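Note: the block below is model16.pdb and it holds PDB, C-alpha atoms, pLDDT in the B column.
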ATOM      1  CA  GLN U   8      -2.765 -12.488 -20.730  1.00 77.00           C
ATOM      2  CA  ALA U   9      -3.397  -9.713 -23.238  1.00 82.00           C
ATOM      3  CA  HIS U  10      -6.536  -7.606 -22.738  1.00 83.00           C
ATOM      4  CA  GLY U  11      -6.120  -5.216 -25.657  1.00 85.00           C
ATOM      5  CA  LEU U  12      -6.507  -1.483 -25.072  1.00 88.00           C
ATOM      6  CA  VAL U  13      -7.753  -0.870 -21.538  1.00 90.00           C
ATOM      7  CA  PRO U  14      -8.156   2.283 -19.426  1.00 91.00           C
ATOM      8  CA  LEU U  15      -5.396   2.806 -16.851  1.00 88.00           C
ATOM      9  CA  MET U  16      -7.933   2.625 -14.015  1.00 89.00           C
ATOM     10  CA  ARG U  17      -9.076  -0.837 -15.116  1.00 91.00           C
ATOM     11  CA  ALA U  18      -5.506  -2.048 -15.592  1.00 91.00           C
ATOM     12  CA  LEU U  19      -4.646  -1.136 -11.998  1.00 90.00           C
ATOM     13  CA  ALA U  20      -7.938  -2.341 -10.528  1.00 91.00           C
ATOM     14  CA  GLU U  21      -7.729  -5.740 -12.172  1.00 91.00           C
ATOM     15  CA  SER U  22      -3.918  -6.128 -12.037  1.00 90.00           C
ATOM     16  CA  TYR U  23      -3.395  -6.316 -15.790  1.00 91.00           C
ATOM     17  CA  ASN U  24       0.357  -6.750 -15.721  1.00 88.00           C
ATOM     18  CA  MET U  25       1.051  -6.221 -19.425  1.00 90.00           C
ATOM     19  CA  ALA U  26      -0.609  -2.802 -19.375  1.00 91.00           C
ATOM     20  CA  THR U  27       1.320  -1.840 -16.252  1.00 89.00           C
ATOM     21  CA  VAL U  28       4.656  -2.864 -17.741  1.00 91.00           C
ATOM     22  CA  ARG U  29       3.935  -1.125 -21.054  1.00 92.00           C
ATOM     23  CA  LEU U  30       3.019   2.120 -19.297  1.00 93.00           C
ATOM     24  CA  GLY U  31       6.021   1.864 -16.969  1.00 94.00           C
ATOM     25  CA  LEU U  32       8.430   1.345 -19.837  1.00 96.00           C
ATOM     26  CA  ASP U  33       6.891   4.295 -21.702  1.00 96.00           C
ATOM     27  CA  VAL U  34       7.302   6.528 -18.632  1.00 96.00           C
ATOM     28  CA  GLY U  35      10.770   5.160 -17.873  1.00 97.00           C
ATOM     29  CA  LEU U  36      12.242   3.230 -14.970  1.00 96.00           C
ATOM     30  CA  GLU U  37      14.297   6.154 -13.631  1.00 97.00           C
ATOM     31  CA  PRO U  38      11.328   8.537 -13.136  1.00 96.00           C
ATOM     32  CA  ILE U  39       9.336   5.747 -11.486  1.00 95.00           C
ATOM     33  CA  ALA U  40      12.213   4.917  -9.131  1.00 96.00           C
ATOM     34  CA  ALA U  41      12.552   8.632  -8.309  1.00 96.00           C
ATOM     35  CA  THR U  42       8.830   8.821  -7.501  1.00 95.00           C
ATOM     36  CA  LEU U  43       9.080   5.801  -5.197  1.00 95.00           C
ATOM     37  CA  THR U  44      11.977   7.481  -3.397  1.00 95.00           C
ATOM     38  CA  ARG U  45      10.006  10.721  -2.991  1.00 95.00           C
ATOM     39  CA  LEU U  46       7.049   8.741  -1.627  1.00 96.00           C
ATOM     40  CA  GLY U  47       9.247   7.215   1.053  1.00 94.00           C
ATOM     41  CA  LEU U  48      11.364   4.361  -0.266  1.00 94.00           C
ATOM     42  CA  GLU U  49      14.695   4.596   1.551  1.00 91.00           C
ATOM     43  CA  GLN U  50      16.964   2.847  -0.946  1.00 89.00           C
ATOM     44  CA  GLN U  51      17.131   3.467  -4.677  1.00 88.00           C
ATOM     45  CA  PRO U  52      15.524   0.442  -6.384  1.00 90.00           C
ATOM     46  CA  THR U  53      17.439  -1.520  -8.989  1.00 90.00           C
ATOM     47  CA  LEU U  54      16.167  -0.487 -12.404  1.00 93.00           C
ATOM     48  CA  TYR U  55      14.714  -3.709 -13.784  1.00 93.00           C
ATOM     49  CA  PRO U  56      11.369  -3.863 -15.639  1.00 92.00           C
ATOM     50  CA  SER U  57      10.166  -6.356 -13.005  1.00 90.00           C
ATOM     51  CA  MET U  58      10.089  -3.479 -10.487  1.00 92.00           C
ATOM     52  CA  LEU U  59       7.018  -2.232 -12.362  1.00 91.00           C
ATOM     53  CA  LEU U  60       5.135  -5.263 -11.031  1.00 88.00           C
ATOM     54  CA  GLY U  61       6.363  -4.817  -7.478  1.00 84.00           C
ATOM     55  CA  ALA U  62       9.358  -7.150  -7.671  1.00 85.00           C
ATOM     56  CA  LEU U  63      11.254  -5.180  -5.032  1.00 88.00           C
ATOM     57  CA  ALA U  64      12.546  -6.692  -1.808  1.00 87.00           C
ATOM     58  CA  LEU U  65      10.605  -4.462   0.606  1.00 91.00           C
ATOM     59  CA  THR U  66       9.522  -4.928   4.189  1.00 92.00           C
ATOM     60  CA  PRO U  67       5.938  -4.217   5.267  1.00 94.00           C
ATOM     61  CA  ILE U  68       7.118  -1.047   7.052  1.00 94.00           C
ATOM     62  CA  GLU U  69       8.720   0.236   3.808  1.00 95.00           C
ATOM     63  CA  VAL U  70       5.490  -0.414   1.908  1.00 96.00           C
ATOM     64  CA  ALA U  71       3.563   1.294   4.728  1.00 97.00           C
ATOM     65  CA  GLN U  72       5.723   4.418   4.359  1.00 96.00           C
ATOM     66  CA  ILE U  73       4.880   4.700   0.662  1.00 97.00           C
ATOM     67  CA  TYR U  74       1.165   4.110   1.249  1.00 97.00           C
ATOM     68  CA  ASN U  75       1.230   6.572   4.144  1.00 97.00           C
ATOM     69  CA  THR U  76       2.312   9.292   1.720  1.00 98.00           C
ATOM     70  CA  LEU U  77      -0.562   8.370  -0.597  1.00 98.00           C
ATOM     71  CA  ALA U  78      -3.027   8.342   2.305  1.00 97.00           C
ATOM     72  CA  ASN U  79      -1.786  11.809   3.315  1.00 97.00           C
ATOM     73  CA  GLY U  80      -2.570  13.265  -0.114  1.00 97.00           C
ATOM     74  CA  GLY U  81       1.047  13.318  -1.267  1.00 97.00           C
ATOM     75  CA  PHE U  82       2.573  14.662   1.948  1.00 97.00           C
ATOM     76  CA  ARG U  83       5.341  12.479   3.328  1.00 96.00           C
ATOM     77  CA  VAL U  84       5.404  12.020   7.087  1.00 93.00           C
ATOM     78  CA  PRO U  85       8.132   9.610   8.243  1.00 91.00           C
ATOM     79  CA  LEU U  86       6.668   6.738  10.248  1.00 91.00           C
ATOM     80  CA  ARG U  87       7.737   6.643  13.887  1.00 83.00           C
ATOM     81  CA  THR U  88       7.246   4.012  16.530  1.00 78.00           C
ATOM     82  CA  VAL U  89       7.934   6.482  19.364  1.00 80.00           C
ATOM     83  CA  ARG U  90       6.381   9.951  19.289  1.00 79.00           C
ATOM     84  CA  SER U  91       7.341  11.057  22.776  1.00 85.00           C
ATOM     85  CA  VAL U  92       8.802   9.842  26.062  1.00 89.00           C
ATOM     86  CA  ILE U  93       6.816  10.604  29.212  1.00 90.00           C
ATOM     87  CA  ALA U  94       8.005   9.967  32.775  1.00 91.00           C
ATOM     88  CA  GLU U  95       5.915   8.031  35.269  1.00 92.00           C
ATOM     89  CA  ASP U  96       4.742  11.288  36.848  1.00 93.00           C
ATOM     90  CA  GLY U  97       3.484  12.536  33.473  1.00 90.00           C
ATOM     91  CA  GLU U  98       6.397  14.876  32.737  1.00 91.00           C
ATOM     92  CA  LEU U  99       7.302  15.094  29.063  1.00 89.00           C
ATOM     93  CA  LYS U 100      10.953  14.047  28.714  1.00 89.00           C
ATOM     94  CA  GLN U 101      11.372  13.990  24.940  1.00 88.00           C
ATOM     95  CA  ARG U 102       9.190  14.779  21.951  1.00 85.00           C
ATOM     96  CA  TYR U 103      10.126  13.893  18.405  1.00 82.00           C
ATOM     97  CA  ALA U 104       9.125  16.479  15.838  1.00 82.00           C
ATOM     98  CA  ILE U 105       6.935  15.483  12.916  1.00 84.00           C
ATOM     99  CA  GLU U 106       8.564  16.306   9.603  1.00 88.00           C
ATOM    100  CA  ILE U 107       6.114  16.892   6.768  1.00 92.00           C
ATOM    101  CA  THR U 108       7.213  17.386   3.166  1.00 94.00           C
ATOM    102  CA  GLN U 109       5.197  17.484  -0.021  1.00 96.00           C
ATOM    103  CA  ALA U 110       6.372  14.474  -1.995  1.00 96.00           C
ATOM    104  CA  ALA U 111       3.906  14.384  -4.872  1.00 96.00           C
ATOM    105  CA  ASP U 112       1.313  16.483  -6.647  1.00 96.00           C
ATOM    106  CA  ALA U 113      -2.004  16.338  -4.783  1.00 96.00           C
ATOM    107  CA  GLY U 114      -3.994  15.908  -8.009  1.00 96.00           C
ATOM    108  CA  ALA U 115      -1.905  12.957  -9.140  1.00 95.00           C
ATOM    109  CA  VAL U 116      -2.173  11.324  -5.715  1.00 97.00           C
ATOM    110  CA  TYR U 117      -5.948  11.858  -5.734  1.00 97.00           C
ATOM    111  CA  ALA U 118      -6.160  10.025  -9.077  1.00 95.00           C
ATOM    112  CA  ILE U 119      -4.069   7.125  -7.742  1.00 95.00           C
ATOM    113  CA  ASN U 120      -6.166   6.909  -4.592  1.00 97.00           C
ATOM    114  CA  ARG U 121      -9.389   6.855  -6.644  1.00 96.00           C
ATOM    115  CA  ALA U 122      -7.898   3.988  -8.654  1.00 95.00           C
ATOM    116  CA  LEU U 123      -7.071   2.168  -5.409  1.00 97.00           C
ATOM    117  CA  VAL U 124     -10.714   2.570  -4.353  1.00 97.00           C
ATOM    118  CA  GLN U 125     -11.686   0.974  -7.674  1.00 96.00           C
ATOM    119  CA  VAL U 126      -9.395  -1.965  -6.844  1.00 96.00           C
ATOM    120  CA  MET U 127     -11.585  -2.554  -3.809  1.00 97.00           C
ATOM    121  CA  GLU U 128     -14.934  -1.914  -5.468  1.00 96.00           C
ATOM    122  CA  ARG U 129     -14.511  -3.818  -8.744  1.00 95.00           C
ATOM    123  CA  GLY U 130     -10.995  -5.173  -8.976  1.00 95.00           C
ATOM    124  CA  THR U 131      -8.759  -7.713  -7.258  1.00 95.00           C
ATOM    125  CA  GLY U 132      -9.689  -6.383  -3.796  1.00 96.00           C
ATOM    126  CA  ARG U 133     -13.463  -6.934  -4.088  1.00 96.00           C
ATOM    127  CA  SER U 134     -13.414 -10.177  -2.087  1.00 96.00           C
ATOM    128  CA  VAL U 135     -11.608  -8.290   0.709  1.00 97.00           C
ATOM    129  CA  ASN U 136     -14.065  -5.379   0.457  1.00 97.00           C
ATOM    130  CA  ARG U 137     -17.004  -7.776   0.923  1.00 96.00           C
ATOM    131  CA  LEU U 138     -15.640  -8.612   4.390  1.00 96.00           C
ATOM    132  CA  LEU U 139     -15.888  -4.968   5.509  1.00 96.00           C
ATOM    133  CA  PRO U 140     -18.798  -2.752   6.552  1.00 93.00           C
ATOM    134  CA  GLN U 141     -20.565  -1.587   3.390  1.00 91.00           C
ATOM    135  CA  GLU U 142     -20.306   2.127   4.243  1.00 91.00           C
ATOM    136  CA  LEU U 143     -16.513   2.031   4.651  1.00 94.00           C
ATOM    137  CA  VAL U 144     -14.521   3.561   1.769  1.00 96.00           C
ATOM    138  CA  VAL U 145     -11.216   1.751   1.366  1.00 97.00           C
ATOM    139  CA  ALA U 146      -8.273   2.262  -0.983  1.00 98.00           C
ATOM    140  CA  GLY U 147      -6.113  -0.834  -1.346  1.00 97.00           C
ATOM    141  CA  LYS U 148      -4.011  -3.078  -3.532  1.00 96.00           C
ATOM    142  CA  THR U 149      -3.365  -6.783  -3.632  1.00 95.00           C
ATOM    143  CA  GLY U 150       0.028  -8.270  -4.375  1.00 93.00           C
ATOM    144  CA  THR U 151       0.908 -11.846  -5.322  1.00 91.00           C
ATOM    145  CA  SER U 152       4.400 -13.033  -6.209  1.00 89.00           C
ATOM    146  CA  ASP U 153       5.305 -15.753  -8.695  1.00 85.00           C
ATOM    147  CA  ASP U 154       4.370 -19.281  -7.638  1.00 88.00           C
ATOM    148  CA  LEU U 155       2.151 -17.809  -4.874  1.00 92.00           C
ATOM    149  CA  ARG U 156       5.157 -17.399  -2.552  1.00 92.00           C
ATOM    150  CA  ASP U 157       4.127 -14.026  -1.133  1.00 93.00           C
ATOM    151  CA  SER U 158       0.688 -12.642  -0.418  1.00 95.00           C
ATOM    152  CA  TRP U 159       0.467  -8.870   0.158  1.00 96.00           C
ATOM    153  CA  PHE U 160      -2.269  -6.416   0.898  1.00 97.00           C
ATOM    154  CA  ALA U 161      -1.831  -2.690   1.531  1.00 98.00           C
ATOM    155  CA  GLY U 162      -4.654  -0.268   2.057  1.00 98.00           C
ATOM    156  CA  PHE U 163      -6.130   2.596   4.009  1.00 98.00           C
ATOM    157  CA  THR U 164      -9.303   4.331   5.131  1.00 97.00           C
ATOM    158  CA  ASN U 165      -9.638   7.867   6.472  1.00 94.00           C
ATOM    159  CA  ASP U 166      -8.501   6.579   9.888  1.00 93.00           C
ATOM    160  CA  HIS U 167      -6.260   3.551   9.407  1.00 96.00           C
ATOM    161  CA  LEU U 168      -3.432   2.363   7.185  1.00 97.00           C
ATOM    162  CA  ILE U 169      -2.441  -1.305   7.305  1.00 97.00           C
ATOM    163  CA  VAL U 170       0.021  -3.422   5.326  1.00 98.00           C
ATOM    164  CA  THR U 171      -0.064  -7.209   5.674  1.00 97.00           C
ATOM    165  CA  TRP U 172       2.224  -9.870   4.274  1.00 96.00           C
ATOM    166  CA  VAL U 173       1.798 -13.636   4.384  1.00 96.00           C
ATOM    167  CA  GLY U 174       4.786 -15.729   3.410  1.00 94.00           C
ATOM    168  CA  ALA U 175       7.283 -18.330   4.578  1.00 92.00           C
ATOM    169  CA  ASP U 176      10.799 -17.584   5.813  1.00 89.00           C
ATOM    170  CA  ASP U 177      12.204 -20.261   3.501  1.00 91.00           C
ATOM    171  CA  ASN U 178      10.415 -18.706   0.484  1.00 89.00           C
ATOM    172  CA  ARG U 179       8.272 -21.772  -0.207  1.00 94.00           C
ATOM    173  CA  PRO U 180       4.875 -21.146  -1.842  1.00 94.00           C
ATOM    174  CA  THR U 181       1.960 -20.276   0.425  1.00 94.00           C
ATOM    175  CA  GLY U 182      -0.647 -21.077  -2.216  1.00 94.00           C
ATOM    176  CA  LEU U 183      -2.362 -17.767  -1.441  1.00 95.00           C
ATOM    177  CA  THR U 184      -3.102 -14.776  -3.624  1.00 94.00           C
ATOM    178  CA  GLY U 185      -2.946 -11.272  -2.189  1.00 95.00           C
ATOM    179  CA  SER U 186      -6.688 -11.175  -1.591  1.00 95.00           C
ATOM    180  CA  ALA U 187      -7.040 -14.751  -0.269  1.00 95.00           C
ATOM    181  CA  GLY U 188      -4.175 -14.534   2.233  1.00 96.00           C
ATOM    182  CA  ALA U 189      -2.929 -11.123   3.317  1.00 97.00           C
ATOM    183  CA  GLY U 190      -6.203  -9.485   2.276  1.00 97.00           C
ATOM    184  CA  ARG U 191      -8.245 -11.566   4.722  1.00 97.00           C
ATOM    185  CA  VAL U 192      -5.806 -10.829   7.550  1.00 97.00           C
ATOM    186  CA  TRP U 193      -5.957  -7.138   6.618  1.00 97.00           C
ATOM    187  CA  ALA U 194      -9.776  -7.089   6.637  1.00 97.00           C
ATOM    188  CA  GLU U 195     -10.014  -8.766  10.041  1.00 97.00           C
ATOM    189  CA  LEU U 196      -7.493  -6.357  11.533  1.00 96.00           C
ATOM    190  CA  LEU U 197      -9.261  -3.339  10.035  1.00 96.00           C
ATOM    191  CA  LYS U 198     -12.637  -4.544  11.335  1.00 95.00           C
ATOM    192  CA  SER U 199     -11.245  -4.891  14.849  1.00 94.00           C
ATOM    193  CA  LEU U 200      -9.677  -1.396  14.697  1.00 92.00           C
ATOM    194  CA  GLU U 201     -12.893   0.126  13.363  1.00 88.00           C
ATOM    195  CA  ALA U 202     -14.933  -1.581  16.108  1.00 83.00           C
ATOM    196  CA  ALA U 203     -12.488  -0.399  18.797  1.00 82.00           C
ATOM    197  CA  SER U 204     -12.692   3.206  17.573  1.00 76.00           C
ATOM    198  CA  TYR U 205     -16.461   3.223  18.135  1.00 70.00           C
ATOM    199  CA  GLU U 206     -16.282   1.874  21.696  1.00 65.00           C
TER     200      GLU U 206
END
Once you've parsed the file, please lay out its structure as structure tokens.
Amino acid sequence: QAHGLVPLMRALAESYNMATVRLGLDVGLEPIAATLTRLGLEQQPTLYPSMLLGALALTPIEVAQIYNTLANGGFRVPLRTVRSVIAEDGELKQRYAIEITQAADAGAVYAINRALVQVMERGTGRSVNRLLPQELVVAGKTGTSDDLRDSWFAGFTNDHLIVTWVGADDNRPTGLTGSAGAGRVWAELLKSLEAASYE
């Protein structure tokens, strides 16, 4: 659906796909792919215009790596499942160093993160935001594939970053949008983490 001339912030917040594609084609697929790689995408994406709408075959952990860089203000910190190995007696056996590299301009990342907050406050994530404590500031983005096959939600607060995906292994439609499916799972998980951090 065409919405005419719209501010970039509104296009992202309300998932106006035509505006996103037009901007992406103006910027160019190669620079966008390079930015995704700097933010943490391991493999070079195939340069199709559909990538501008998120049509990339990514796992939740790959999406989490990209969002982790955004949450860290443009500094890329590779995600690790094991930070250290400690013996039963408490002796440190192995520690894995944290590698931090600046992947993107802090000002640009700030602008993106503000737009992701707008997604939650007045865009496609508002129904998810209503499930959360009112004082919590959240940056997030919904994702819905064609025919409602995949429901995605990725977002972060100052303390937590979560990526959720709802879909079927055989790729049949779930009937859920990003906010109605993965977004609800995301909100419940975030609420439980927030409650646990105050105990």
| said: Take the PyMOL selection byres ((chain U and resi 49) around 12), run it mentally on this structure, and tell me the resulting residues as a PyMOL selection string. | reply: chain U and resi 40-48+50-52+64-66+68-70+72-73+85
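If all atoms listed in the file are the atoms counted, then among U:Ala175, U:Phe160, U:Leu63, U:Asn165 the closest residue to Leu196 (chain U) is U:Phe160.
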| message | For a quick check of understanding, using only C-alpha atoms, which of U:Ile107, U:Ala78, U:Ala202, U:Val135 has the smallest distance to Thr164 (chain U)? | response | U:Ala78
Which residues of region 85-190 of chain U come within 10 Å of region 57-62 of chain U, and what is each one's closest atom pair and distance in Å (one decimal), counting only C-alpha atoms, sorted by chain and residue number, as CSV?
residue,atom,partner,partner_atom,distance
U:Gly150,CA,U:Gly61,CA,7.9
U:Thr151,CA,U:Gly61,CA,9.2
U:Ser152,CA,U:Ala62,CA,7.8
U:Asp153,CA,U:Ala62,CA,9.6
| field | For Asp176 (chain U), the nearest of the candidates U:Asp157, U:Ala20, U:Val192, U:Leu54, counting all atoms listed in the file | value |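 Among the listed residues, the smallest separation from Asp176 (chain U) belongs to U:Asp157.
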| task | Run the PyMOL selection byres ((chain U and resi 169) around 10) on the file and write out the hits as an MDAnalysis selection string. | result | chainID U and resid 67:68 70:71 74:75 147 160:164 167:168 170:171 193:194 196:197
| task | Identify the residues around (5.1, -21.5, -6.4) within a radius of 12 Å, measuring from only C-alpha atoms in the coordinates stated by the file, and give them as a PyMOL selection string. | result | chain U and resi 151-158+174-175+178-184
How about saving the chosen residues, C-alpha atoms kept, as a tab-separated table (two decimals), in the coordinates of the input?
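And here's selection15.tsv as it stands now:
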chain	number	residue	atom	x	y	z
U	151	THR	CA	0.91	-11.85	-5.32
U	152	SER	CA	4.40	-13.03	-6.21
U	153	ASP	CA	5.30	-15.75	-8.70
U	154	ASP	CA	4.37	-19.28	-7.64
U	155	LEU	CA	2.15	-17.81	-4.87
U	156	ARG	CA	5.16	-17.40	-2.55
U	157	ASP	CA	4.13	-14.03	-1.13
U	158	SER	CA	0.69	-12.64	-0.42
U	174	GLY	CA	4.79	-15.73	3.41
U	175	ALA	CA	7.28	-18.33	4.58
U	178	ASN	CA	10.42	-18.71	0.48
U	179	ARG	CA	8.27	-21.77	-0.21
U	180	PRO	CA	4.88	-21.15	-1.84
U	181	THR	CA	1.96	-20.28	0.42
U	182	GLY	CA	-0.65	-21.08	-2.22
U	183	LEU	CA	-2.36	-17.77	-1.44
U	184	THR	CA	-3.10	-14.78	-3.62
| said: With only C-alpha atoms as the counted atoms, please give the residues lying no more than 9 Å from Asn136 (chain U), apart from itself and same-chain residues fewer than 5 positions off, as JSON, numbers by chain. | reply: {"U": [127, 128, 141, 143, 145, 194]}
| Pick from U:Ser204, U:Glu142, U:Thr53, U:Ala187 nearest to Asp166 (chain U), counting all atoms listed in the file | U:Ser204
| query | Near Leu15 (chain U), counting all atoms listed in the file, which residues have an atom at most 8 Å away, once you skip same-chain residues fewer than 3 positions from it, shown as an MDAnalysis selection string? | reply | chainID U and resid 18:19 26
Take region 49-80 of chain U from the preceding structure and save N, CA and C atoms as a PDB file, in the first residue's frame.
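Dumped to selection_0.pdb:
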ATOM      1  N   GLU U  49      27.235 -13.197   9.813  1.00  0.00           N
ATOM      2  CA  GLU U  49      28.417 -14.001   9.469  1.00  0.00           C
ATOM      3  C   GLU U  49      28.606 -14.154   7.967  1.00  0.00           C
ATOM      4  N   GLN U  50      27.528 -14.482   7.252  1.00  0.00           N
ATOM      5  CA  GLN U  50      27.665 -14.721   5.814  1.00  0.00           C
ATOM      6  C   GLN U  50      27.190 -13.504   5.034  1.00  0.00           C
ATOM      7  N   GLN U  51      27.795 -13.284   3.893  1.00  0.00           N
ATOM      8  CA  GLN U  51      27.396 -12.186   3.014  1.00  0.00           C
ATOM      9  C   GLN U  51      26.013 -12.509   2.453  1.00  0.00           C
ATOM     10  N   PRO U  52      25.019 -11.622   2.637  1.00  0.00           N
ATOM     11  CA  PRO U  52      23.688 -11.914   2.107  1.00  0.00           C
ATOM     12  C   PRO U  52      23.658 -11.812   0.585  1.00  0.00           C
ATOM     13  N   THR U  53      22.757 -12.578  -0.014  1.00  0.00           N
ATOM     14  CA  THR U  53      22.546 -12.486  -1.453  1.00  0.00           C
ATOM     15  C   THR U  53      21.873 -11.154  -1.748  1.00  0.00           C
ATOM     16  N   LEU U  54      22.353 -10.462  -2.751  1.00  0.00           N
ATOM     17  CA  LEU U  54      21.901  -9.106  -3.035  1.00  0.00           C
ATOM     18  C   LEU U  54      20.624  -9.086  -3.875  1.00  0.00           C
ATOM     19  N   TYR U  55      19.508  -9.345  -3.215  1.00  0.00           N
ATOM     20  CA  TYR U  55      18.194  -9.229  -3.830  1.00  0.00           C
ATOM     21  C   TYR U  55      17.438  -8.099  -3.131  1.00  0.00           C
ATOM     22  N   PRO U  56      16.599  -7.346  -3.842  1.00  0.00           N
ATOM     23  CA  PRO U  56      15.822  -6.295  -3.185  1.00  0.00           C
ATOM     24  C   PRO U  56      14.981  -6.809  -2.008  1.00  0.00           C
ATOM     25  N   SER U  57      14.573  -8.059  -2.046  1.00  0.00           N
ATOM     26  CA  SER U  57      13.763  -8.613  -0.951  1.00  0.00           C
ATOM     27  C   SER U  57      14.516  -8.622   0.377  1.00  0.00           C
ATOM     28  N   MET U  58      15.854  -8.561   0.338  1.00  0.00           N
ATOM     29  CA  MET U  58      16.622  -8.515   1.586  1.00  0.00           C
ATOM     30  C   MET U  58      16.317  -7.250   2.373  1.00  0.00           C
ATOM     31  N   LEU U  59      15.848  -6.210   1.671  1.00  0.00           N
ATOM     32  CA  LEU U  59      15.525  -4.945   2.331  1.00  0.00           C
ATOM     33  C   LEU U  59      14.326  -5.090   3.259  1.00  0.00           C
ATOM     34  N   LEU U  60      13.527  -6.121   3.042  1.00  0.00           N
ATOM     35  CA  LEU U  60      12.362  -6.381   3.892  1.00  0.00           C
ATOM     36  C   LEU U  60      12.613  -7.542   4.847  1.00  0.00           C
ATOM     37  N   GLY U  61      13.880  -7.938   4.963  1.00  0.00           N
ATOM     38  CA  GLY U  61      14.209  -9.000   5.906  1.00  0.00           C
ATOM     39  C   GLY U  61      14.099 -10.395   5.344  1.00  0.00           C
ATOM     40  N   ALA U  62      14.029 -10.538   4.034  1.00  0.00           N
ATOM     41  CA  ALA U  62      13.911 -11.864   3.424  1.00  0.00           C
ATOM     42  C   ALA U  62      15.281 -12.536   3.355  1.00  0.00           C
ATOM     43  N   LEU U  63      15.870 -12.753   4.517  1.00  0.00           N
ATOM     44  CA  LEU U  63      17.140 -13.455   4.642  1.00  0.00           C
ATOM     45  C   LEU U  63      16.899 -14.678   5.513  1.00  0.00           C
ATOM     46  N   ALA U  64      17.523 -15.773   5.173  1.00  0.00           N
ATOM     47  CA  ALA U  64      17.366 -16.995   5.969  1.00  0.00           C
ATOM     48  C   ALA U  64      18.314 -16.923   7.168  1.00  0.00           C
ATOM     49  N   LEU U  65      17.843 -16.311   8.259  1.00  0.00           N
ATOM     50  CA  LEU U  65      18.665 -16.143   9.455  1.00  0.00           C
ATOM     51  C   LEU U  65      18.083 -16.924  10.618  1.00  0.00           C
ATOM     52  N   THR U  66      18.958 -17.338  11.514  1.00  0.00           N
ATOM     53  CA  THR U  66      18.526 -17.986  12.743  1.00  0.00           C
ATOM     54  C   THR U  66      18.307 -16.915  13.807  1.00  0.00           C
ATOM     55  N   PRO U  67      17.564 -17.222  14.859  1.00  0.00           N
ATOM     56  CA  PRO U  67      17.398 -16.232  15.932  1.00  0.00           C
ATOM     57  C   PRO U  67      18.720 -15.768  16.533  1.00  0.00           C
ATOM     58  N   ILE U  68      19.720 -16.639  16.615  1.00  0.00           N
ATOM     59  CA  ILE U  68      21.008 -16.232  17.193  1.00  0.00           C
ATOM     60  C   ILE U  68      21.721 -15.237  16.266  1.00  0.00           C
ATOM     61  N   GLU U  69      21.567 -15.391  14.946  1.00  0.00           N
ATOM     62  CA  GLU U  69      22.168 -14.435  14.005  1.00  0.00           C
ATOM     63  C   GLU U  69      21.490 -13.068  14.116  1.00  0.00           C
ATOM     64  N   VAL U  70      20.167 -13.073  14.260  1.00  0.00           N
ATOM     65  CA  VAL U  70      19.448 -11.813  14.444  1.00  0.00           C
ATOM     66  C   VAL U  70      19.857 -11.178  15.771  1.00  0.00           C
ATOM     67  N   ALA U  71      20.014 -12.016  16.809  1.00  0.00           N
ATOM     68  CA  ALA U  71      20.428 -11.507  18.122  1.00  0.00           C
ATOM     69  C   ALA U  71      21.794 -10.842  18.054  1.00  0.00           C
ATOM     70  N   GLN U  72      22.707 -11.368  17.251  1.00  0.00           N
ATOM     71  CA  GLN U  72      24.038 -10.765  17.135  1.00  0.00           C
ATOM     72  C   GLN U  72      23.949  -9.359  16.552  1.00  0.00           C
ATOM     73  N   ILE U  73      23.124  -9.185  15.535  1.00  0.00           N
ATOM     74  CA  ILE U  73      22.955  -7.870  14.920  1.00  0.00           C
ATOM     75  C   ILE U  73      22.324  -6.894  15.916  1.00  0.00           C
ATOM     76  N   TYR U  74      21.263  -7.330  16.574  1.00  0.00           N
ATOM     77  CA  TYR U  74      20.593  -6.464  17.555  1.00  0.00           C
ATOM     78  C   TYR U  74      21.486  -6.194  18.764  1.00  0.00           C
ATOM     79  N   ASN U  75      22.345  -7.121  19.099  1.00  0.00           N
ATOM     80  CA  ASN U  75      23.282  -6.907  20.204  1.00  0.00           C
ATOM     81  C   ASN U  75      24.215  -5.740  19.891  1.00  0.00           C
ATOM     82  N   THR U  76      24.651  -5.638  18.647  1.00  0.00           N
ATOM     83  CA  THR U  76      25.507  -4.523  18.251  1.00  0.00           C
ATOM     84  C   THR U  76      24.746  -3.207  18.347  1.00  0.00           C
ATOM     85  N   LEU U  77      23.484  -3.209  17.958  1.00  0.00           N
ATOM     86  CA  LEU U  77      22.665  -1.998  18.098  1.00  0.00           C
ATOM     87  C   LEU U  77      22.479  -1.639  19.573  1.00  0.00           C
ATOM     88  N   ALA U  78      22.189  -2.639  20.391  1.00  0.00           N
ATOM     89  CA  ALA U  78      21.970  -2.401  21.820  1.00  0.00           C
ATOM     90  C   ALA U  78      23.232  -1.889  22.503  1.00  0.00           C
ATOM     91  N   ASN U  79      24.396  -2.238  21.959  1.00  0.00           N
ATOM     92  CA  ASN U  79      25.675  -1.795  22.517  1.00  0.00           C
ATOM     93  C   ASN U  79      26.165  -0.491  21.884  1.00  0.00           C
ATOM     94  N   GLY U  80      25.274   0.251  21.251  1.00  0.00           N
ATOM     95  CA  GLY U  80      25.633   1.554  20.707  1.00  0.00           C
ATOM     96  C   GLY U  80      26.542   1.509  19.503  1.00  0.00           C
TER      97      GLY U  80
END
